[in-house]
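Structure below is data_36.cif: mmCIF, C-alpha atoms.
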```cif
data_query
loop_
_atom_site.group_PDB
_atom_site.id
_atom_site.type_symbol
_atom_site.label_atom_id
_atom_site.label_comp_id
_atom_site.auth_asym_id
_atom_site.auth_seq_id
_atom_site.Cartn_x
_atom_site.Cartn_y
_atom_site.Cartn_z
ATOM 1 C CA ALA A 25 24.691 28.735 12.039
ATOM 2 C CA ASN A 26 27.303 27.036 9.853
ATOM 3 C CA ALA A 27 24.644 25.861 7.391
ATOM 4 C CA ALA A 28 23.115 29.349 7.302
ATOM 5 C CA ALA A 29 26.534 30.878 6.651
ATOM 6 C CA GLN A 30 27.172 28.444 3.803
ATOM 7 C CA ALA A 31 23.767 29.284 2.299
ATOM 8 C CA ALA A 32 24.474 33.009 2.563
ATOM 9 C CA ALA A 33 27.880 32.577 0.934
ATOM 10 C CA SER A 34 26.346 30.568 -1.898
ATOM 11 C CA ALA A 35 23.613 33.180 -2.439
ATOM 12 C CA ALA A 36 26.204 35.968 -2.481
ATOM 13 C CA ALA A 37 28.309 34.071 -5.006
ATOM 14 C CA LEU A 38 25.317 33.493 -7.254
ATOM 15 C CA ALA A 39 24.310 37.169 -6.994
ATOM 16 C CA GLY A 40 27.835 38.238 -7.891
ATOM 17 C CA ALA A 41 27.834 35.945 -10.904
ATOM 18 C CA ALA A 42 24.487 37.346 -12.065
ATOM 19 C CA ALA A 43 25.738 40.936 -11.668
ATOM 20 C CA ALA A 44 28.853 40.138 -13.689
ATOM 21 C CA ALA A 45 26.768 38.557 -16.440
ATOM 22 C CA GLN A 46 24.476 41.622 -16.549
ATOM 23 C CA ALA A 47 27.469 43.952 -16.818
ATOM 24 C CA ALA A 48 28.861 41.889 -19.705
ATOM 25 C CA ASP A 49 25.509 41.987 -21.508
ATOM 26 C CA GLY A 50 25.450 45.779 -21.217
ATOM 27 C CA ALA A 51 28.956 46.209 -22.616
ATOM 28 C CA LEU A 52 28.636 43.986 -25.691
ATOM 29 C CA PRO A 53 25.816 42.832 -27.939
ATOM 30 C CA ALA A 54 24.165 39.677 -26.667
ATOM 31 C CA ALA A 55 25.361 37.689 -29.677
ATOM 32 C CA ALA A 56 28.981 38.695 -29.054
ATOM 33 C CA VAL A 57 29.046 37.648 -25.396
ATOM 34 C CA LYS A 58 30.268 34.104 -24.887
ATOM 35 C CA PRO A 59 28.526 32.522 -21.876
ATOM 36 C CA GLN A 60 30.844 31.581 -19.048
ATOM 37 C CA SER A 61 30.532 28.876 -16.489
ATOM 38 C CA LEU A 62 29.726 29.928 -12.942
ATOM 39 C CA ALA A 63 33.201 28.837 -11.800
ATOM 40 C CA ALA A 64 34.882 30.955 -14.518
ATOM 41 C CA THR A 65 32.818 33.994 -13.579
ATOM 42 C CA LEU A 66 33.718 33.701 -9.912
ATOM 43 C CA LEU A 67 37.374 33.129 -10.772
ATOM 44 C CA GLY A 68 37.376 36.297 -12.894
ATOM 45 C CA LYS A 69 36.249 38.321 -9.864
ATOM 46 C CA ALA A 70 39.006 36.947 -7.603
ATOM 47 C CA PRO A 71 41.815 39.367 -6.644
ATOM 48 C CA LEU A 72 45.072 38.853 -8.534
ATOM 49 C CA THR A 73 48.379 38.210 -6.721
ATOM 50 C CA PRO A 74 51.482 39.999 -8.106
ATOM 51 C CA ALA A 75 53.882 37.627 -9.882
ATOM 52 C CA ASN A 76 56.754 38.432 -7.500
ATOM 53 C CA GLU A 77 54.644 37.279 -4.553
ATOM 54 C CA LEU A 78 53.752 33.902 -6.033
ATOM 55 C CA PRO A 79 55.573 30.892 -4.514
ATOM 56 C CA ASP A 80 58.141 28.990 -6.522
ATOM 57 C CA LEU A 81 56.840 25.736 -7.957
ATOM 58 C CA ASP A 82 58.862 22.591 -8.609
ATOM 59 C CA PRO A 83 58.104 18.876 -9.088
ATOM 60 C CA SER A 84 58.052 18.376 -5.298
ATOM 61 C CA THR A 85 55.300 20.988 -4.749
ATOM 62 C CA PRO A 86 52.168 19.299 -3.285
ATOM 63 C CA GLN A 87 49.116 19.294 -5.523
ATOM 64 C CA ALA A 88 46.525 21.935 -4.597
ATOM 65 C CA THR A 89 43.352 20.617 -2.966
ATOM 66 C CA LEU A 90 39.999 22.137 -2.000
ATOM 67 C CA SER A 91 39.105 22.555 1.649
ATOM 68 C CA ASN A 92 36.045 20.789 3.056
ATOM 69 C CA THR A 93 34.113 24.096 3.074
ATOM 70 C CA ALA A 94 35.018 24.751 -0.561
ATOM 71 C CA ARG A 95 33.800 21.274 -1.540
ATOM 72 C CA VAL A 96 30.451 21.846 0.169
ATOM 73 C CA LEU A 97 30.007 25.259 -1.470
ATOM 74 C CA THR A 98 30.917 23.789 -4.856
ATOM 75 C CA THR A 99 28.275 21.101 -4.406
ATOM 76 C CA VAL A 100 25.635 23.684 -3.493
ATOM 77 C CA LEU A 101 26.463 25.845 -6.531
ATOM 78 C CA ASN A 102 26.613 22.915 -8.957
ATOM 79 C CA THR A 103 23.309 21.483 -7.755
ATOM 80 C CA ALA A 104 21.609 24.885 -7.868
ATOM 81 C CA GLN A 105 22.876 25.430 -11.411
ATOM 82 C CA GLY A 106 22.049 21.949 -12.645
ATOM 83 C CA GLY A 107 18.549 21.783 -11.129
ATOM 84 C CA ASN A 108 18.684 18.041 -10.443
ATOM 85 C CA ALA A 109 15.061 17.204 -9.613
ATOM 86 C CA GLN A 110 16.022 14.106 -7.634
ATOM 87 C CA GLN A 111 18.304 16.077 -5.308
ATOM 88 C CA LEU A 112 15.699 18.824 -4.913
ATOM 89 C CA ALA A 113 13.028 16.378 -3.713
ATOM 90 C CA LEU A 114 12.698 15.146 -0.146
ATOM 91 C CA ILE A 115 13.278 11.397 0.026
ATOM 92 C CA GLY A 116 11.228 9.402 2.508
ATOM 93 C CA LYS A 117 13.409 6.988 4.460
ATOM 94 C CA SER A 118 10.477 4.885 5.671
ATOM 95 C CA ALA A 119 6.897 4.202 4.601
ATOM 96 C CA LEU A 120 4.268 6.643 5.871
ATOM 97 C CA PHE A 121 2.294 3.812 7.435
ATOM 98 C CA GLY A 122 2.240 0.029 7.617
ATOM 99 C CA ASN A 123 0.108 -2.394 5.661
ATOM 100 C CA ALA A 124 -2.871 -1.669 7.909
ATOM 101 C CA ALA A 125 -4.568 1.565 6.814
ATOM 102 C CA PRO A 126 -4.512 4.140 9.664
ATOM 103 C CA ALA A 127 -7.326 6.442 10.719
ATOM 104 C CA ALA A 128 -7.647 9.594 8.632
ATOM 105 C CA GLU A 129 -6.538 11.787 11.567
ATOM 106 C CA GLN A 130 -3.377 9.727 12.088
ATOM 107 C CA LEU A 131 -2.490 9.821 8.388
ATOM 108 C CA ALA A 132 -3.089 13.587 8.206
ATOM 109 C CA GLN A 133 -0.759 14.151 11.168
ATOM 110 C CA LYS A 134 1.863 11.866 9.638
ATOM 111 C CA LEU A 135 1.768 13.789 6.361
ATOM 112 C CA GLN A 136 2.069 17.104 8.203
ATOM 113 C CA ASP A 137 5.026 15.895 10.302
ATOM 114 C CA THR A 138 6.775 14.540 7.209
ATOM 115 C CA ILE A 139 7.031 18.045 5.734
ATOM 116 C CA SER A 140 7.237 20.083 8.949
ATOM 117 C CA GLN A 141 10.127 18.037 10.383
ATOM 118 C CA SER A 142 12.025 17.734 7.089
ATOM 119 C CA GLY A 143 14.360 20.643 7.914
ATOM 120 C CA LEU A 144 13.079 22.861 5.085
ATOM 121 C CA PHE A 145 11.586 25.317 7.571
ATOM 122 C CA TYR A 146 14.112 24.936 10.368
ATOM 123 C CA GLU A 147 15.074 28.611 10.657
ATOM 124 C CA SER A 148 11.460 29.761 10.999
ATOM 125 C CA HIS A 149 10.870 27.028 13.583
ATOM 126 C CA VAL A 150 13.873 28.272 15.577
ATOM 127 C CA THR A 151 12.293 31.739 15.553
ATOM 128 C CA GLU A 152 9.028 30.294 16.837
ATOM 129 C CA TRP A 153 10.916 28.423 19.558
ATOM 130 C CA ALA A 154 12.669 31.653 20.624
ATOM 131 C CA LYS A 155 9.223 33.293 20.971
ATOM 132 C CA GLY A 156 7.968 30.365 23.049
ATOM 133 C CA GLU A 157 5.596 29.255 20.278
ATOM 134 C CA ARG A 158 7.280 25.885 19.556
ATOM 135 C CA PRO A 159 8.696 23.342 22.053
ATOM 136 C CA LEU A 160 12.335 22.296 21.877
ATOM 137 C CA THR A 161 11.301 18.647 21.531
ATOM 138 C CA GLU A 162 9.935 19.391 18.045
ATOM 139 C CA LEU A 163 13.172 21.094 16.964
ATOM 140 C CA MET A 164 15.134 18.074 18.148
ATOM 141 C CA ARG A 165 13.454 15.928 15.471
ATOM 142 C CA GLU A 166 14.727 18.034 12.548
ATOM 143 C CA PRO A 167 17.869 17.103 10.571
ATOM 144 C CA GLN A 168 19.822 20.224 11.569
ATOM 145 C CA MET A 169 19.486 19.440 15.280
ATOM 146 C CA GLN A 170 20.265 15.767 14.699
ATOM 147 C CA ARG A 171 23.400 16.795 12.794
ATOM 148 C CA MET A 172 24.476 19.062 15.666
ATOM 149 C CA LEU A 173 24.065 16.213 18.142
ATOM 150 C CA GLN A 174 26.255 14.051 15.922
ATOM 151 C CA SER A 175 28.792 16.818 15.203
ATOM 152 C CA GLY A 176 31.693 14.867 16.702
ATOM 153 C CA GLU A 177 31.060 11.851 14.510
ATOM 154 C CA THR A 178 30.489 14.079 11.467
ATOM 155 C CA ALA A 179 33.781 15.905 12.001
ATOM 156 C CA ALA A 180 35.665 12.610 12.245
ATOM 157 C CA ARG A 181 34.018 11.343 9.049
ATOM 158 C CA ALA A 182 34.799 14.587 7.201
ATOM 159 C CA ALA A 183 38.446 14.366 8.207
ATOM 160 C CA ALA A 184 38.617 10.802 6.951
ATOM 161 C CA SER A 185 36.560 10.895 3.754
ATOM 162 C CA GLY A 186 35.515 14.479 2.987
ATOM 163 C CA PRO A 187 32.531 16.658 3.918
ATOM 164 C CA ASP A 188 28.993 15.521 4.663
ATOM 165 C CA LEU A 189 27.223 16.528 1.452
ATOM 166 C CA SER A 190 23.751 15.908 2.888
ATOM 167 C CA ALA A 191 23.960 19.349 4.533
ATOM 168 C CA ALA A 192 24.648 20.951 1.145
ATOM 169 C CA GLN A 193 21.709 19.119 -0.427
ATOM 170 C CA LEU A 194 19.377 20.292 2.343
ATOM 171 C CA ILE A 195 20.494 23.915 1.861
ATOM 172 C CA ASN A 196 19.826 23.510 -1.848
ATOM 173 C CA GLN A 197 16.345 22.151 -1.143
ATOM 174 C CA GLN A 198 15.630 25.115 1.139
ATOM 175 C CA LEU A 199 16.682 27.608 -1.550
ATOM 176 C CA HIS A 200 14.608 25.803 -4.189
ATOM 177 C CA THR A 201 11.537 25.682 -1.916
ATOM 178 C CA HIS A 202 11.797 29.389 -1.125
ATOM 179 C CA GLU A 203 12.249 30.357 -4.779
ATOM 180 C CA GLN A 204 9.651 28.058 -6.342
ATOM 181 C CA GLY A 205 7.072 27.914 -3.534
ATOM 182 C CA ARG A 206 6.998 24.155 -3.992
ATOM 183 C CA VAL A 207 7.889 21.068 -1.968
ATOM 184 C CA GLN A 208 8.403 17.632 -3.536
ATOM 185 C CA TRP A 209 8.466 14.335 -1.646
ATOM 186 C CA ASN A 210 9.244 10.861 -2.987
ATOM 187 C CA GLY A 211 8.817 7.764 -0.867
ATOM 188 C CA GLU A 212 6.437 4.951 0.018
ATOM 189 C CA ALA A 213 2.869 5.327 1.222
ATOM 190 C CA TRP A 214 3.124 1.841 2.681
ATOM 191 C CA PRO A 215 5.820 -0.835 2.204
ATOM 192 C CA GLY A 216 6.243 -1.557 -1.505
ATOM 193 C CA GLN A 217 3.898 1.221 -2.680
ATOM 194 C CA PRO A 218 5.776 4.200 -4.212
ATOM 195 C CA MET A 219 4.205 7.624 -3.835
ATOM 196 C CA GLN A 220 5.044 11.010 -5.350
ATOM 197 C CA TRP A 221 3.747 14.060 -3.494
ATOM 198 C CA GLU A 222 3.973 17.744 -4.339
ATOM 199 C CA ILE A 223 2.752 20.857 -2.505
ATOM 200 C CA ARG A 224 2.650 24.264 -4.184
ATOM 201 C CA ARG A 225 1.655 27.740 -3.061
ATOM 202 C CA GLU A 226 0.377 30.294 -5.555
ATOM 203 C CA GLN A 227 -1.070 33.770 -5.342
ATOM 204 C CA ARG A 228 -3.975 35.246 -7.251
ATOM 205 C CA GLU A 229 -3.640 39.011 -7.270
ATOM 206 C CA GLY A 230 -6.451 41.312 -6.211
ATOM 207 C CA ARG A 231 -9.065 38.719 -5.258
ATOM 208 C CA LYS A 232 -9.056 38.537 -1.436
ATOM 209 C CA ASN A 233 -11.293 41.268 0.089
ATOM 210 C CA GLU A 234 -11.764 42.652 -3.409
ATOM 211 C CA GLY A 235 -14.203 45.540 -3.535
ATOM 212 C CA GLN A 236 -13.902 46.459 0.148
ATOM 213 C CA ASP A 237 -12.774 50.015 0.984
ATOM 214 C CA GLY A 238 -12.246 50.628 -2.712
ATOM 215 C CA GLY A 239 -8.958 48.700 -2.762
ATOM 216 C CA ASP A 240 -7.766 45.949 -4.986
ATOM 217 C CA GLY A 241 -7.544 43.523 -2.066
ATOM 218 C CA GLU A 242 -4.679 41.362 -0.836
ATOM 219 C CA PRO A 243 -3.322 38.485 -2.949
ATOM 220 C CA GLU A 244 -5.383 35.360 -2.406
ATOM 221 C CA GLN A 245 -3.397 32.282 -1.369
ATOM 222 C CA ILE A 246 -3.971 29.165 -3.430
ATOM 223 C CA TRP A 247 -2.605 25.831 -2.206
ATOM 224 C CA ARG A 248 -2.248 22.837 -4.492
ATOM 225 C CA SER A 249 -1.363 19.338 -3.330
ATOM 226 C CA GLY A 250 -0.943 16.455 -5.712
ATOM 227 C CA VAL A 251 -0.178 12.759 -5.247
ATOM 228 C CA ARG A 252 0.539 10.058 -7.803
ATOM 229 C CA PHE A 253 0.484 6.282 -7.359
ATOM 230 C CA ARG A 254 0.867 3.222 -9.539
ATOM 231 C CA PHE A 255 -1.176 0.375 -8.094
ATOM 232 C CA PRO A 256 -0.779 -3.285 -9.117
ATOM 233 C CA MET A 257 -4.476 -3.677 -10.004
ATOM 234 C CA LEU A 258 -5.666 -0.113 -10.726
ATOM 235 C CA GLY A 259 -2.652 1.180 -12.623
ATOM 236 C CA ALA A 260 -1.565 4.832 -12.425
ATOM 237 C CA VAL A 261 -3.835 7.070 -10.350
ATOM 238 C CA SER A 262 -3.245 10.716 -9.495
ATOM 239 C CA ALA A 263 -5.185 13.174 -7.353
ATOM 240 C CA ALA A 264 -4.889 16.969 -7.257
ATOM 241 C CA VAL A 265 -6.344 18.942 -4.341
ATOM 242 C CA THR A 266 -6.788 22.712 -4.663
ATOM 243 C CA LEU A 267 -7.603 24.925 -1.671
ATOM 244 C CA ILE A 268 -8.881 28.433 -2.435
ATOM 245 C CA GLY A 269 -10.028 30.125 0.732
ATOM 246 C CA GLY A 270 -12.624 27.776 2.197
ATOM 247 C CA GLN A 271 -13.212 25.934 -1.072
ATOM 248 C CA VAL A 272 -11.858 22.432 -1.681
ATOM 249 C CA HIS A 273 -11.576 21.083 -5.221
ATOM 250 C CA ILE A 274 -10.380 17.560 -6.031
ATOM 251 C CA GLN A 275 -9.492 16.157 -9.441
ATOM 252 C CA VAL A 276 -8.741 12.442 -9.804
ATOM 253 C CA GLN A 277 -7.301 10.909 -12.941
ATOM 254 C CA ALA A 278 -6.695 7.264 -13.862
ATOM 255 C CA ASP A 279 -4.935 5.881 -16.909
ATOM 256 C CA ASP A 280 -7.541 3.133 -17.269
ATOM 257 C CA GLY A 281 -11.240 3.611 -18.013
ATOM 258 C CA ASP A 282 -12.374 0.742 -15.760
ATOM 259 C CA THR A 283 -10.347 2.197 -12.880
ATOM 260 C CA ALA A 284 -12.029 5.575 -13.383
ATOM 261 C CA ASP A 285 -15.458 3.872 -13.260
ATOM 262 C CA THR A 286 -14.502 2.062 -10.034
ATOM 263 C CA LEU A 287 -13.391 5.328 -8.424
ATOM 264 C CA ARG A 288 -16.655 7.028 -9.438
ATOM 265 C CA ALA A 289 -18.577 4.244 -7.729
ATOM 266 C CA TYR A 290 -16.902 5.159 -4.430
ATOM 267 C CA ALA A 291 -17.051 8.945 -4.902
ATOM 268 C CA SER A 292 -19.946 9.332 -2.459
ATOM 269 C CA ARG A 293 -17.804 7.899 0.355
ATOM 270 C CA LEU A 294 -15.169 10.572 -0.250
ATOM 271 C CA GLU A 295 -17.785 13.307 -0.282
ATOM 272 C CA GLN A 296 -19.269 12.056 2.997
ATOM 273 C CA ALA A 297 -15.843 11.807 4.631
ATOM 274 C CA MET A 298 -14.941 15.361 3.612
ATOM 275 C CA GLU A 299 -18.283 16.615 4.879
ATOM 276 C CA ALA A 300 -17.732 14.894 8.231
ATOM 277 C CA ALA A 301 -14.243 16.414 8.480
ATOM 278 C CA GLY A 302 -15.665 19.922 8.141
ATOM 279 C CA ALA A 303 -14.242 20.488 4.648
ATOM 280 C CA PRO A 304 -17.098 19.842 2.199
ATOM 281 C CA LEU A 305 -16.100 19.478 -1.438
ATOM 282 C CA SER A 306 -16.803 22.369 -3.772
ATOM 283 C CA SER A 307 -16.126 20.108 -6.741
ATOM 284 C CA LEU A 308 -15.017 16.558 -7.479
ATOM 285 C CA THR A 309 -14.080 15.244 -10.905
ATOM 286 C CA ILE A 310 -12.912 11.748 -11.797
ATOM 287 C CA ALA A 311 -11.726 11.144 -15.334
ATOM 288 C CA GLN A 312 -9.534 8.953 -17.471
ATOM 289 C CA GLU A 313 -6.152 10.546 -18.084
ATOM 290 C CA SER A 314 -5.542 11.522 -21.686
ATOM 291 C CA PRO A 315 -2.703 9.641 -23.418
#
```
Target format structure tokens, applied to this file:
Amino acid sequence: ANAAAQAAASAAALAGAAAAAQAADGALPAAAVKPQSLAATLLGKAPLTPANELPDLDPSTPQATLSNTARVLTTVLNTAQGGNAQQLALIGKSALFGNAAPAAEQLAQKLQDTISQSGLFYESHVTEWAKGERPLTELMREPQMQRMLQSGETAARAAASGPDLSAAQLINQQLHTHEQGRVQWNGEAWPGQPMQWEIRREQREGRKNEGQDGGDGEPEQIWRSGVRFRFPMLGAVSAAVTLIGGQVHIQVQADDGDTADTLRAYASRLEQAMEAAGAPLSSLTIAQESP
């Protein structure tokens, strides 16, 4: 609830800043309006205290400080404004699997859990739990529940050294995911092997059920998932998977021509594996990445 309140306050502050900027643009020509920082805009909207009600200041007056809540909100606003890609990506704390390659089903479940239990979709999972559609044990694995269980320790740490900024970063990631329809994950596929993973959702207007009942049809959901590796022997290799309805398209790119030839030699194994999994490939391309 506290995290949700902080997110709502941040969204309201950003909306107020945008409204103020729009009003300024309407009053003066665009060239004559000097852009303000977000902090200056918010300060300009703050109520003014009459001079006779202000306290007397002298050299012994303690220096003003921000509360813990104000520090967290400032971090959320600054990160949202700066768009730091590193802070907006989920960071894997451990490798997805060990040196021994797991079965495809185990790896698929691990990938799903990595995103589902990241905390990005916590509020919707709470709703599912309230409807009896999700067990409490699954909620307990998410960062928000773990933070609640450790609330006593967190409060003691905040009193000693300031607020826990990881909560602010998670709120920022949630806002970015909702706005962009994209999730980014950086970590290790196995120990010592970095992996970059991105999932995006897009919509193609007027394609689903097009032509039925004379309507334009509902927007068709398009899912894109991309991974990128840099292997010691093969070099940089990336794969992009696109799901459009029941169609599966895969594009693989390598920065080395010999690596691309090696991957083509094993393409039939991928096609057979996808066929056995009930998701036959609609297309598969393997090419050398352009410089």
**Asked** If the PyMOL selection byres ((chain A and resi 248-261) around 6) is run on the structure shown, which residues does it catch, given as a ChimeraX atom specification?
**Response** /A:219-224,247,262-266,277-279,283
**Request:** Go ahead and compute the interatomic distance for atom CA of Ser307 of chain A and atom CA of Asp280 of chain A, in Å to one decimal.
**Result:**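 Answer for the atom CA of Ser307 of chain A to atom CA of Asp280 of chain A separation: 21.7 Å.
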**Nearest to Thr201 of chain A by atom-to-atom distance, counting all atoms listed in the file, from A:Ala88, A:Ser148, A:Thr309, A:Arg225** = A:Arg225
**Gap from atom CA of Val150 of chain A to atom CA of Lys117 of chain A - Å, one decimal** =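 If I compute the distance from atom CA of Val150 of chain A to atom CA of Lys117 of chain A, I get 24.0 Å.
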**Request:** May I ask which of the residues A:Leu305, A:Ile246, A:Ala213, A:Ala311 is the closest one to Gly122 of chain A, counting only C-alpha atoms?
**Result:**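 Among A:Leu305, A:Ile246, A:Ala213, A:Ala311, it is A:Ala213 that comes nearest to Gly122 of chain A.
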**Request:** Take atom CA of Asn196 of chain A and atom CA of Tyr146 of chain A and report the distance between them in Å, one decimal.
**Result:**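 Interatomic distance here is 13.6 Å.
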